[in-house]
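Asker: Hey, dropping model.cif in here, mmCIF, C-alpha atoms:
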data_start
#
loop_
_atom_site.group_PDB
_atom_site.id
_atom_site.type_symbol
_atom_site.label_atom_id
_atom_site.label_comp_id
_atom_site.auth_asym_id
_atom_site.auth_seq_id
_atom_site.Cartn_x
_atom_site.Cartn_y
_atom_site.Cartn_z
ATOM 1 C CA MET A 21 -19.366 14.935 17.268
ATOM 2 C CA GLU A 22 -17.544 11.950 18.717
ATOM 3 C CA LYS A 23 -14.366 11.057 16.883
ATOM 4 C CA LYS A 24 -14.568 7.732 15.075
ATOM 5 C CA LYS A 25 -12.332 4.863 16.148
ATOM 6 C CA ILE A 26 -9.698 3.916 13.585
ATOM 7 C CA ILE A 27 -9.369 0.356 12.317
ATOM 8 C CA THR A 28 -6.124 -0.305 10.468
ATOM 9 C CA VAL A 29 -6.587 -2.919 7.767
ATOM 10 C CA PHE A 30 -3.672 -4.900 6.398
ATOM 11 C CA GLY A 31 -4.183 -6.596 3.067
ATOM 12 C CA ALA A 32 -6.577 -3.787 2.219
ATOM 13 C CA THR A 33 -6.174 -4.226 -1.526
ATOM 14 C CA GLY A 34 -6.721 -7.992 -1.250
ATOM 15 C CA ALA A 35 -9.940 -9.972 -0.995
ATOM 16 C CA GLN A 36 -10.234 -10.144 2.802
ATOM 17 C CA GLY A 37 -8.985 -6.693 3.740
ATOM 18 C CA GLY A 38 -10.758 -5.050 0.835
ATOM 19 C CA GLY A 39 -14.050 -6.536 1.975
ATOM 20 C CA LEU A 40 -13.536 -5.109 5.464
ATOM 21 C CA VAL A 41 -12.571 -1.655 4.165
ATOM 22 C CA LYS A 42 -15.647 -1.481 1.943
ATOM 23 C CA ALA A 43 -17.931 -2.748 4.718
ATOM 24 C CA ILE A 44 -16.812 0.041 7.056
ATOM 25 C CA LEU A 45 -17.033 2.713 4.382
ATOM 26 C CA ALA A 46 -20.489 1.540 3.272
ATOM 27 C CA ASP A 47 -21.884 1.973 6.796
ATOM 28 C CA SER A 48 -22.736 5.655 7.159
ATOM 29 C CA ASN A 49 -23.522 5.126 10.844
ATOM 30 C CA SER A 50 -20.304 3.306 11.635
ATOM 31 C CA GLU A 51 -18.470 4.112 14.839
ATOM 32 C CA PHE A 52 -15.262 3.328 12.929
ATOM 33 C CA SER A 53 -13.108 4.960 10.302
ATOM 34 C CA VAL A 54 -10.667 2.926 8.247
ATOM 35 C CA ARG A 55 -6.951 3.206 7.580
ATOM 36 C CA THR A 56 -5.901 1.008 4.689
ATOM 37 C CA VAL A 57 -2.400 -0.393 4.512
ATOM 38 C CA THR A 58 -0.779 -1.052 1.163
ATOM 39 C CA ARG A 59 2.742 -1.468 -0.115
ATOM 40 C CA ASN A 60 1.942 0.829 -3.028
ATOM 41 C CA VAL A 61 -0.252 3.864 -2.377
ATOM 42 C CA ASN A 62 -0.288 4.596 -6.102
ATOM 43 C CA SER A 63 -1.779 1.275 -7.172
ATOM 44 C CA GLU A 64 -5.168 1.282 -8.870
ATOM 45 C CA LYS A 65 -6.762 -0.650 -5.998
ATOM 46 C CA ALA A 66 -5.363 1.749 -3.400
ATOM 47 C CA LYS A 67 -6.562 4.753 -5.367
ATOM 48 C CA ALA A 68 -10.023 3.205 -5.685
ATOM 49 C CA LEU A 69 -10.263 2.740 -1.901
ATOM 50 C CA GLU A 70 -9.040 6.288 -1.337
ATOM 51 C CA ALA A 71 -11.782 7.530 -3.665
ATOM 52 C CA LEU A 72 -14.320 5.742 -1.458
ATOM 53 C CA GLY A 73 -13.072 7.670 1.565
ATOM 54 C CA ALA A 74 -10.397 5.450 3.063
ATOM 55 C CA GLU A 75 -7.211 6.808 4.589
ATOM 56 C CA ILE A 76 -4.276 5.247 2.738
ATOM 57 C CA ILE A 77 -0.939 4.500 4.351
ATOM 58 C CA GLU A 78 2.092 2.771 2.892
ATOM 59 C CA ALA A 79 3.640 0.008 4.965
ATOM 60 C CA ASP A 80 5.312 -3.376 4.614
ATOM 61 C CA ILE A 81 4.696 -6.254 7.012
ATOM 62 C CA ASP A 82 8.386 -7.108 6.776
ATOM 63 C CA ASP A 83 9.171 -3.707 8.339
ATOM 64 C CA ILE A 84 8.177 -3.389 12.018
ATOM 65 C CA LYS A 85 8.618 0.392 12.054
ATOM 66 C CA SER A 86 6.147 0.813 9.217
ATOM 67 C CA ILE A 87 3.657 -1.455 11.009
ATOM 68 C CA GLU A 88 4.036 0.655 14.146
ATOM 69 C CA LYS A 89 3.332 3.801 12.149
ATOM 70 C CA SER A 90 0.247 2.278 10.526
ATOM 71 C CA ILE A 91 -1.376 1.278 13.841
ATOM 72 C CA GLU A 92 -0.448 4.436 15.752
ATOM 73 C CA GLY A 93 -3.568 5.877 17.369
ATOM 74 C CA ALA A 94 -5.762 3.080 16.041
ATOM 75 C CA TYR A 95 -8.456 1.307 18.056
ATOM 76 C CA GLY A 96 -8.306 -1.925 16.077
ATOM 77 C CA ALA A 97 -6.319 -3.765 13.447
ATOM 78 C CA TYR A 98 -6.998 -6.517 10.959
ATOM 79 C CA PHE A 99 -3.924 -8.696 10.530
ATOM 80 C CA VAL A 100 -3.588 -11.044 7.571
ATOM 81 C CA THR A 101 -0.580 -12.692 5.938
ATOM 82 C CA PHE A 102 0.080 -13.623 2.311
ATOM 83 C CA PHE A 103 1.264 -17.242 2.051
ATOM 84 C CA TRP A 104 0.671 -17.610 -1.684
ATOM 85 C CA GLU A 105 3.112 -14.809 -2.483
ATOM 86 C CA HIS A 106 6.066 -16.787 -1.157
ATOM 87 C CA PHE A 107 4.760 -20.293 -0.240
ATOM 88 C CA SER A 108 6.657 -20.180 3.058
ATOM 89 C CA ALA A 109 5.064 -20.967 6.422
ATOM 90 C CA GLU A 110 8.286 -19.839 8.100
ATOM 91 C CA LYS A 111 7.980 -16.425 6.503
ATOM 92 C CA GLU A 112 4.338 -16.178 7.593
ATOM 93 C CA ILE A 113 5.364 -16.797 11.188
ATOM 94 C CA GLU A 114 8.059 -14.113 10.897
ATOM 95 C CA GLU A 115 5.445 -11.686 9.588
ATOM 96 C CA VAL A 116 3.170 -12.463 12.534
ATOM 97 C CA GLU A 117 6.078 -11.876 14.918
ATOM 98 C CA ASN A 118 6.445 -8.432 13.326
ATOM 99 C CA PHE A 119 2.741 -7.728 13.868
ATOM 100 C CA ILE A 120 3.033 -8.763 17.496
ATOM 101 C CA LYS A 121 6.176 -6.738 18.209
ATOM 102 C CA ALA A 122 4.508 -3.647 16.786
ATOM 103 C CA ALA A 123 1.175 -4.283 18.508
ATOM 104 C CA LYS A 124 2.689 -4.790 21.978
ATOM 105 C CA ASP A 125 3.824 -1.164 22.041
ATOM 106 C CA SER A 126 0.540 0.173 20.639
ATOM 107 C CA SER A 127 -2.812 1.229 22.073
ATOM 108 C CA LEU A 128 -4.783 -1.336 20.059
ATOM 109 C CA GLN A 129 -7.907 -2.541 21.857
ATOM 110 C CA HIS A 130 -9.049 -5.155 19.351
ATOM 111 C CA ILE A 131 -7.079 -7.235 16.851
ATOM 112 C CA VAL A 132 -8.745 -9.590 14.408
ATOM 113 C CA TRP A 133 -6.215 -12.153 13.190
ATOM 114 C CA SER A 134 -7.114 -14.097 10.037
ATOM 115 C CA THR A 135 -6.001 -17.624 10.785
ATOM 116 C CA LEU A 136 -6.556 -21.343 10.180
ATOM 117 C CA GLU A 137 -6.062 -24.624 12.018
ATOM 118 C CA ASP A 138 -2.657 -26.083 12.795
ATOM 119 C CA THR A 139 -3.331 -29.451 11.172
ATOM 120 C CA ARG A 140 -0.446 -31.066 13.056
ATOM 121 C CA ASN A 141 -2.756 -31.180 16.079
ATOM 122 C CA TRP A 142 -4.708 -33.812 14.113
ATOM 123 C CA VAL A 143 -1.981 -35.297 11.889
ATOM 124 C CA PRO A 144 1.391 -35.376 13.709
ATOM 125 C CA LEU A 145 4.549 -35.156 11.658
ATOM 126 C CA ASN A 146 5.246 -38.862 12.193
ATOM 127 C CA ASP A 147 1.827 -39.740 10.726
ATOM 128 C CA ASP A 148 2.453 -40.879 7.154
ATOM 129 C CA ARG A 149 -1.168 -40.645 6.020
ATOM 130 C CA MET A 150 -0.069 -37.451 4.285
ATOM 131 C CA PRO A 151 3.446 -36.287 3.427
ATOM 132 C CA THR A 152 5.321 -33.789 5.543
ATOM 133 C CA LEU A 153 6.065 -30.594 3.611
ATOM 134 C CA GLN A 154 8.731 -27.911 4.029
ATOM 135 C CA GLY A 155 10.377 -30.140 6.621
ATOM 136 C CA LYS A 156 7.895 -29.657 9.460
ATOM 137 C CA TYR A 157 4.378 -28.980 8.204
ATOM 138 C CA LYS A 158 1.471 -31.003 6.909
ATOM 139 C CA VAL A 159 -0.521 -28.136 5.388
ATOM 140 C CA PRO A 160 1.929 -25.219 5.351
ATOM 141 C CA HIS A 161 -0.580 -22.474 4.533
ATOM 142 C CA PHE A 162 -2.672 -23.637 7.503
ATOM 143 C CA ASP A 163 0.005 -24.664 9.973
ATOM 144 C CA GLY A 164 2.027 -21.444 9.939
ATOM 145 C CA LYS A 165 -1.054 -19.410 10.801
ATOM 146 C CA GLY A 166 -2.237 -21.930 13.397
ATOM 147 C CA GLU A 167 1.193 -22.030 15.026
ATOM 148 C CA ALA A 168 1.170 -18.243 15.211
ATOM 149 C CA ASP A 169 -2.093 -18.181 17.186
ATOM 150 C CA LYS A 170 -0.332 -18.960 20.436
ATOM 151 C CA LEU A 171 2.105 -16.100 19.855
ATOM 152 C CA PHE A 172 -0.788 -13.622 20.070
ATOM 153 C CA SER A 173 -2.053 -15.276 23.247
ATOM 154 C CA GLU A 174 1.374 -15.422 24.853
ATOM 155 C CA ALA A 175 1.851 -11.728 24.104
ATOM 156 C CA GLY A 176 -1.370 -10.921 25.980
ATOM 157 C CA LEU A 177 -2.845 -9.039 23.037
ATOM 158 C CA PRO A 178 -6.600 -8.322 22.697
ATOM 159 C CA VAL A 179 -7.257 -10.659 19.775
ATOM 160 C CA THR A 180 -10.105 -12.504 18.089
ATOM 161 C CA PHE A 181 -9.031 -15.508 16.016
ATOM 162 C CA LEU A 182 -10.947 -15.527 12.725
ATOM 163 C CA ARG A 183 -10.927 -18.884 10.955
ATOM 164 C CA THR A 184 -11.851 -18.594 7.322
ATOM 165 C CA SER A 185 -13.176 -21.139 4.806
ATOM 166 C CA PHE A 186 -12.543 -22.168 1.195
ATOM 167 C CA TYR A 187 -12.969 -19.170 -1.111
ATOM 168 C CA TRP A 188 -15.526 -19.764 -3.857
ATOM 169 C CA ASP A 189 -13.503 -17.109 -5.683
ATOM 170 C CA ASN A 190 -10.920 -19.860 -6.235
ATOM 171 C CA PHE A 191 -13.166 -21.014 -9.079
ATOM 172 C CA ILE A 192 -12.292 -17.712 -10.780
ATOM 173 C CA TYR A 193 -8.683 -16.993 -9.853
ATOM 174 C CA PHE A 194 -6.982 -20.155 -8.655
ATOM 175 C CA GLY A 195 -7.616 -22.468 -11.585
ATOM 176 C CA MET A 196 -10.120 -24.609 -9.681
ATOM 177 C CA GLY A 197 -13.007 -23.897 -12.029
ATOM 178 C CA PRO A 198 -14.598 -26.542 -14.271
ATOM 179 C CA GLN A 199 -12.140 -28.093 -16.733
ATOM 180 C CA LYS A 200 -13.380 -29.572 -20.006
ATOM 181 C CA GLY A 201 -12.815 -33.281 -20.445
ATOM 182 C CA GLU A 202 -12.325 -35.261 -23.645
ATOM 183 C CA ASP A 203 -15.928 -36.448 -23.346
ATOM 184 C CA GLY A 204 -17.241 -32.869 -23.598
ATOM 185 C CA ASN A 205 -18.284 -32.695 -19.937
ATOM 186 C CA TYR A 206 -16.692 -30.349 -17.429
ATOM 187 C CA TYR A 207 -15.109 -31.483 -14.195
ATOM 188 C CA ILE A 208 -14.219 -30.066 -10.792
ATOM 189 C CA ALA A 209 -11.743 -32.157 -8.813
ATOM 190 C CA PHE A 210 -11.370 -32.389 -5.048
ATOM 191 C CA PRO A 211 -10.196 -35.274 -2.852
ATOM 192 C CA MET A 212 -13.191 -34.920 -0.521
ATOM 193 C CA ASN A 213 -15.233 -38.104 -1.120
ATOM 194 C CA ASP A 214 -18.824 -37.206 -0.172
ATOM 195 C CA LYS A 215 -17.799 -34.846 2.635
ATOM 196 C CA THR A 216 -18.899 -31.228 2.640
ATOM 197 C CA LEU A 217 -16.541 -28.354 1.925
ATOM 198 C CA ALA A 218 -17.084 -25.213 4.005
ATOM 199 C CA GLY A 219 -17.007 -22.296 1.567
ATOM 200 C CA ILE A 220 -17.488 -18.556 1.550
ATOM 201 C CA ALA A 221 -17.402 -15.545 -0.764
ATOM 202 C CA ALA A 222 -14.064 -13.807 -0.247
ATOM 203 C CA GLN A 223 -15.681 -10.389 0.250
ATOM 204 C CA ASP A 224 -17.865 -11.838 3.018
ATOM 205 C CA ILE A 225 -14.771 -12.557 5.095
ATOM 206 C CA GLY A 226 -14.167 -8.836 5.473
ATOM 207 C CA LYS A 227 -17.845 -8.208 6.198
ATOM 208 C CA CYS A 228 -17.790 -10.849 8.937
ATOM 209 C CA ALA A 229 -14.627 -9.276 10.345
ATOM 210 C CA TYR A 230 -16.501 -5.979 10.517
ATOM 211 C CA GLY A 231 -19.217 -7.742 12.495
ATOM 212 C CA ILE A 232 -16.556 -8.957 14.930
ATOM 213 C CA PHE A 233 -15.234 -5.437 15.451
ATOM 214 C CA LYS A 234 -18.797 -4.199 16.058
ATOM 215 C CA LYS A 235 -19.360 -6.864 18.723
ATOM 216 C CA GLY A 236 -16.167 -5.750 20.398
ATOM 217 C CA LYS A 237 -15.090 -7.094 23.770
ATOM 218 C CA GLU A 238 -17.460 -10.064 23.845
ATOM 219 C CA LEU A 239 -15.366 -11.774 21.147
ATOM 220 C CA LEU A 240 -11.921 -10.995 22.552
ATOM 221 C CA HIS A 241 -9.787 -14.141 22.956
ATOM 222 C CA LYS A 242 -12.462 -16.178 21.150
ATOM 223 C CA THR A 243 -12.114 -18.272 17.988
ATOM 224 C CA VAL A 244 -14.750 -17.452 15.378
ATOM 225 C CA GLY A 245 -15.155 -19.671 12.316
ATOM 226 C CA ILE A 246 -17.060 -18.267 9.349
ATOM 227 C CA VAL A 247 -18.773 -19.992 6.424
ATOM 228 C CA GLY A 248 -21.326 -19.156 3.753
ATOM 229 C CA GLU A 249 -22.446 -22.729 3.062
ATOM 230 C CA LYS A 250 -21.199 -26.314 3.411
ATOM 231 C CA LEU A 251 -21.578 -28.298 0.196
ATOM 232 C CA SER A 252 -20.389 -31.613 -1.180
ATOM 233 C CA GLY A 253 -18.507 -31.761 -4.465
ATOM 234 C CA THR A 254 -21.637 -33.174 -6.108
ATOM 235 C CA ASP A 255 -23.705 -30.279 -4.734
ATOM 236 C CA MET A 256 -21.250 -27.733 -6.132
ATOM 237 C CA ALA A 257 -21.102 -29.460 -9.503
ATOM 238 C CA GLU A 258 -24.906 -29.371 -9.793
ATOM 239 C CA LYS A 259 -25.052 -25.688 -8.902
ATOM 240 C CA LEU A 260 -22.192 -24.840 -11.277
ATOM 241 C CA SER A 261 -23.961 -26.765 -14.059
ATOM 242 C CA LYS A 262 -27.101 -24.713 -13.598
ATOM 243 C CA ALA A 263 -25.322 -21.369 -13.295
ATOM 244 C CA LEU A 264 -22.935 -21.918 -16.227
ATOM 245 C CA ASN A 265 -25.346 -23.884 -18.435
ATOM 246 C CA ILE A 266 -22.836 -26.696 -18.947
ATOM 247 C CA ASN A 267 -22.627 -30.226 -17.529
ATOM 248 C CA VAL A 268 -20.255 -30.146 -14.560
ATOM 249 C CA ILE A 269 -19.305 -33.414 -12.858
ATOM 250 C CA TYR A 270 -17.552 -33.812 -9.515
ATOM 251 C CA ASN A 271 -14.362 -35.856 -9.895
ATOM 252 C CA ASN A 272 -13.525 -37.329 -6.498
ATOM 253 C CA VAL A 273 -9.798 -37.839 -6.982
ATOM 254 C CA SER A 274 -7.500 -39.262 -4.332
ATOM 255 C CA PRO A 275 -5.279 -36.924 -2.300
ATOM 256 C CA GLU A 276 -2.264 -38.591 -3.930
ATOM 257 C CA THR A 277 -3.616 -37.745 -7.379
ATOM 258 C CA TYR A 278 -4.349 -34.148 -6.380
ATOM 259 C CA ARG A 279 -0.857 -33.705 -4.953
ATOM 260 C CA SER A 280 0.567 -34.911 -8.286
ATOM 261 C CA PHE A 281 -1.228 -32.264 -10.400
ATOM 262 C CA GLY A 282 1.997 -30.300 -10.527
ATOM 263 C CA PHE A 283 0.864 -26.710 -10.174
ATOM 264 C CA PRO A 284 2.593 -24.601 -7.471
ATOM 265 C CA GLY A 285 1.112 -25.556 -4.111
ATOM 266 C CA ALA A 286 -0.617 -28.749 -5.330
ATOM 267 C CA ASP A 287 0.973 -30.807 -2.548
ATOM 268 C CA ASP A 288 -0.136 -28.266 0.081
ATOM 269 C CA LEU A 289 -3.701 -28.145 -1.260
ATOM 270 C CA GLY A 290 -3.879 -31.917 -1.640
ATOM 271 C CA ASN A 291 -3.017 -32.251 2.032
ATOM 272 C CA MET A 292 -5.504 -29.497 2.901
ATOM 273 C CA PHE A 293 -8.407 -31.216 1.200
ATOM 274 C CA GLN A 294 -7.411 -34.524 2.782
ATOM 275 C CA PHE A 295 -7.416 -32.864 6.198
ATOM 276 C CA LYS A 296 -10.859 -31.353 5.565
ATOM 277 C CA ARG A 297 -12.113 -34.758 4.392
ATOM 278 C CA ASP A 298 -10.651 -36.877 7.182
ATOM 279 C CA PHE A 299 -11.521 -34.436 9.974
ATOM 280 C CA ASN A 300 -14.660 -33.015 8.390
ATOM 281 C CA ASP A 301 -16.709 -32.836 11.578
ATOM 282 C CA ASP A 302 -13.956 -31.070 13.528
ATOM 283 C CA PHE A 303 -13.344 -28.569 10.733
ATOM 284 C CA ASN A 304 -16.991 -27.807 10.010
ATOM 285 C CA LYS A 305 -18.288 -27.555 13.568
ATOM 286 C CA VAL A 306 -16.055 -24.530 14.213
ATOM 287 C CA ARG A 307 -17.643 -22.749 11.232
ATOM 288 C CA ASP A 308 -21.174 -21.746 12.096
ATOM 289 C CA GLU A 309 -23.522 -20.517 9.357
ATOM 290 C CA ALA A 310 -25.984 -18.886 11.754
ATOM 291 C CA PHE A 311 -23.314 -16.909 13.613
ATOM 292 C CA SER A 312 -21.640 -15.940 10.329
ATOM 293 C CA LEU A 313 -24.997 -14.538 9.185
ATOM 294 C CA GLU A 314 -25.358 -12.682 12.484
ATOM 295 C CA LEU A 315 -21.964 -11.082 11.927
ATOM 296 C CA ASN A 316 -22.779 -10.331 8.284
ATOM 297 C CA PRO A 317 -26.493 -10.084 7.427
ATOM 298 C CA GLU A 318 -25.535 -9.889 3.724
ATOM 299 C CA LEU A 319 -23.782 -13.296 3.855
ATOM 300 C CA GLN A 320 -24.027 -15.109 0.514
ATOM 301 C CA ASN A 321 -24.735 -18.777 -0.053
ATOM 302 C CA PHE A 322 -23.227 -20.498 -3.101
ATOM 303 C CA ASP A 323 -26.253 -19.878 -5.323
ATOM 304 C CA LYS A 324 -26.179 -16.170 -4.513
ATOM 305 C CA TRP A 325 -22.449 -15.995 -5.146
ATOM 306 C CA LEU A 326 -22.881 -17.779 -8.482
ATOM 307 C CA SER A 327 -25.656 -15.411 -9.532
ATOM 308 C CA LEU A 328 -23.192 -12.534 -9.130
ATOM 309 C CA ASN A 329 -19.997 -14.206 -10.343
ATOM 310 C CA SER A 330 -20.717 -17.055 -12.758
ATOM 311 C CA SER A 331 -19.795 -14.902 -15.766
ATOM 312 C CA ARG A 332 -16.302 -14.476 -14.294
ATOM 313 C CA ILE A 333 -15.571 -18.211 -14.021
ATOM 314 C CA PRO A 334 -13.348 -19.124 -17.004
ATOM 315 C CA ILE A 335 -14.530 -22.084 -19.075
ATOM 316 C CA ASP A 336 -13.048 -23.343 -22.346
#
Could the structure of this file be written out as structure tokens, please?
Answerer:
Amino acid sequence: MEKKKIITVFGATGAQGGGLVKAILADSNSEFSVRTVTRNVNSEKAKALEALGAEIIEADIDDIKSIEKSIEGAYGAYFVTFFWEHFSAEKEIEEVENFIKAAKDSSLQHIVWSTLEDTRNWVPLNDDRMPTLQGKYKVPHFDGKGEADKLFSEAGLPVTFLRTSFYWDNFIYFGMGPQKGEDGNYYIAFPMNDKTLAGIAAQDIGKCAYGIFKKGKELLHKTVGIVGEKLSGTDMAEKLSKALNINVIYNNVSPETYRSFGFPGADDLGNMFQFKRDFNDDFNKVRDEAFSLELNPELQNFDKWLSLNSSRIPID
């Protein structure tokens, strides 16, 4: 029996990595086995993945030696960083540099790097249409990843650049779900005008990444954008209304208003939505529904995601 090729998955207990781990383990005919990386092998999520058949290894992306150990003998690796833990684009870039230093001395044949656009290619720092944040970024949680893309290329590593989309799971976990107004209606707020927002179920990101690994060499050095569906704020409000049995209205706020909401990262997200609004065609054309479905035949649209998750969306 031919030995299966190991894919090392960082962020394995998170939404993206967890989706990839489960996709590999659910495929009884897979040519791959999975090695899941976690900072705490005794966590409930790690134990649950181990029970499914995953190899568990403890490592920290701030420690190059532990990264090296986790990718030793592996065919592939899924690299993802964790901006919302520290809100620092600089730290994200440092983490990517650690990935690259470890990977250069490895036998990895395929890296999938979870990334996003560097918005400064569209909105230079001297462009005052949106404020500059952290001294040298427009959308820090995008720009750090986008800036790091060239580091992979310059290192000559065998990488596929995976560009993700807005997580519909943000309606559950990130406080973006419908908020009750004084008039008794519920509101979702985005500064998107009538433009469409590319969205995806978080678990489908990992499933699409699995599709990339299965395609192998044909996607090396390519940029692959994934999306479940592109919907306007009004579209999403209508679908949320039906799924939740409440009246949800899309509140098209200005980017300035969104940035002033005051929660951690509001300025970053306000700039992000403004970027997606002002450069909607550029952002959306990279994210192809048909190819995403080819990578992941179980890809969910928003209605499907709501049918499975509406009960988890908190409403007052």
Asker: Taking (-9.9, -9.2, 5.2) as a centre in this file's frame and 12 Å as the limit, can you find every polymer residue with an atom that close, using all atoms listed in the file, and give them as a PyMOL selection string?
Answerer: chain A and resi 27-44+56-57+97-102+132-135+182-184+221-232
Asker: If you measure from CA of Gly195 (chain A) to CA of Tyr278 (chain A), what distance in Å do you get, rounded to one decimal?
Answerer: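 Calculated distance between CA of Gly195 (chain A) and CA of Tyr278 (chain A) is 13.2 Å.
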Asker: Enumerate, as a PyMOL selection string, the protein, DNA and RNA residues whose atoms approach (-5.3, -35.9, 12.9) to within 8 Å, taking into account all atoms listed in the file and the coordinate frame of the file.
Answerer: chain A and resi 139-144+295+298-299
Asker: For a quick check of understanding, using only C-alpha atoms, which of A:Glu88, A:Asp148, A:Asp288, A:Glu309 has the smallest distance to Asn321 (chain A)?
Answerer: A:Glu309
Asker: When distances are computed from all atoms listed in the file, which of A:Leu251, A:Ile113, A:Leu239, A:Leu128 shows the smallest separation from Asn213 (chain A)?
Answerer: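 Under the stated criterion, the closest residue is A:Leu251.
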Asker: At a cut-off of 12 Å, using all atoms listed in the file, what residues contact Glu238 (chain A)? Leave out same-chain residues fewer than 4 positions from it and give the result as a PyMOL selection string.
Answerer: chain A and resi 130+178-180+231-234+242-244
Asker: List the residues selected by the PyMOL selection byres ((chain A and resi 196) around 10) in the file shown, writing them as a list in words.
Answerer: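 This file gives the following for the PyMOL selection byres ((chain A and resi 196) around 10): Trp188, Asp189, Asn190, Phe191, Ile192, Tyr193, Phe194, Gly195, Gly197, Pro198, Gln199, Tyr207, Ile208, Ala209, Phe210, Ile333 and Pro334 of chain A.
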Asker: Those residues with C-alpha atoms, as a short mmCIF file (atom, residue, chain, number, x, y, z; two decimals), keeping the file's coordinate frame please?
Answerer:
data_model
loop_
_atom_site.label_atom_id
_atom_site.label_comp_id
_atom_site.auth_asym_id
_atom_site.auth_seq_id
_atom_site.Cartn_x
_atom_site.Cartn_y
_atom_site.Cartn_z
CA TRP A 188 -15.53 -19.76 -3.86
CA ASP A 189 -13.50 -17.11 -5.68
CA ASN A 190 -10.92 -19.86 -6.24
CA PHE A 191 -13.17 -21.01 -9.08
CA ILE A 192 -12.29 -17.71 -10.78
CA TYR A 193 -8.68 -16.99 -9.85
CA PHE A 194 -6.98 -20.16 -8.65
CA GLY A 195 -7.62 -22.47 -11.58
CA GLY A 197 -13.01 -23.90 -12.03
CA PRO A 198 -14.60 -26.54 -14.27
CA GLN A 199 -12.14 -28.09 -16.73
CA TYR A 207 -15.11 -31.48 -14.20
CA ILE A 208 -14.22 -30.07 -10.79
CA ALA A 209 -11.74 -32.16 -8.81
CA PHE A 210 -11.37 -32.39 -5.05
CA ILE A 333 -15.57 -18.21 -14.02
CA PRO A 334 -13.35 -19.12 -17.00
#
Asker: What does the structure give for the distance between CA of Phe181 (chain A) and CA of Asp169 (chain A), in Å to one decimal?
Answerer: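 CA of Asp169 (chain A) lies at a distance of 7.5 Å from CA of Phe181 (chain A).
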Asker: Under the PyMOL selection byres ((chain A and resi 79) around 8), which residues of this model are included? Write them out as a list in words.
Answerer: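 Residues picked by the PyMOL selection byres ((chain A and resi 79) around 8): Val57, Thr58, Arg59, Ile77, Glu78, Asp80, Ile81, Asp83, Ser86, Ile87 and Ser90 of chain A.
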Asker: Using all atoms listed in the file, which residues sit within 8 Å of Ser126 (chain A) once same-chain residues fewer than 2 positions away are excluded, as a short mmCIF file (atom, residue, chain, number, x, y, z; two decimals) with C-alpha atoms, in the coordinates of the input?
Answerer:
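The new file out.cif reads:
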data_model
loop_
_atom_site.label_atom_id
_atom_site.label_comp_id
_atom_site.auth_asym_id
_atom_site.auth_seq_id
_atom_site.Cartn_x
_atom_site.Cartn_y
_atom_site.Cartn_z
CA GLU A 88 4.04 0.66 14.15
CA ILE A 91 -1.38 1.28 13.84
CA GLU A 92 -0.45 4.44 15.75
CA GLY A 93 -3.57 5.88 17.37
CA ALA A 122 4.51 -3.65 16.79
CA ALA A 123 1.18 -4.28 18.51
CA LYS A 124 2.69 -4.79 21.98
CA LEU A 128 -4.78 -1.34 20.06
#
Asker: Please indicate the distance in Å from CA of Val306 (chain A) to CA of Ile246 (chain A), rounded to one decimal place.
Answerer: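 Going from CA of Val306 (chain A) over to CA of Ile246 (chain A), I get 8.0 Å.
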Asker: Would you please work out which residue, of A:Glu202, A:Gly248, A:Lys259, A:Phe283, is nearest to Glu314 (chain A) when using all atoms listed in the file?
Answerer: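 Under the stated criterion, the closest residue is A:Gly248.
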Asker: At a cut-off of 10 Å, can you tabulate as JSON lines every residue of region 206-316 of chain A near region 149-157 of chain A together with its closest atom pair and the distance in Å to one decimal, using only C-alpha atoms and ordering rows by chain then number?
Answerer:
{"residue": "A:Pro275", "atom": "CA", "partner": "A:Met150", "partner_atom": "CA", "distance": 8.4}
{"residue": "A:Glu276", "atom": "CA", "partner": "A:Met150", "partner_atom": "CA", "distance": 8.6}
{"residue": "A:Arg279", "atom": "CA", "partner": "A:Pro151", "partner_atom": "CA", "distance": 9.8}
{"residue": "A:Asp287", "atom": "CA", "partner": "A:Leu153", "partner_atom": "CA", "distance": 8.0}
{"residue": "A:Asp288", "atom": "CA", "partner": "A:Leu153", "partner_atom": "CA", "distance": 7.5}
{"residue": "A:Gly290", "atom": "CA", "partner": "A:Met150", "partner_atom": "CA", "distance": 9.0}
{"residue": "A:Asn291", "atom": "CA", "partner": "A:Met150", "partner_atom": "CA", "distance": 6.4}
{"residue": "A:Met292", "atom": "CA", "partner": "A:Met150", "partner_atom": "CA", "distance": 9.7}
{"residue": "A:Gln294", "atom": "CA", "partner": "A:Met150", "partner_atom": "CA", "distance": 8.0}
{"residue": "A:Phe295", "atom": "CA", "partner": "A:Met150", "partner_atom": "CA", "distance": 8.9}
Asker: For Val273 (chain A), which of A:Ser53, A:Pro317, A:Met212, A:Phe303 is the closest residue, counting only C-alpha atoms?
Answerer: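 Residue with the minimum atom-to-atom distance to Val273 (chain A): A:Met212.
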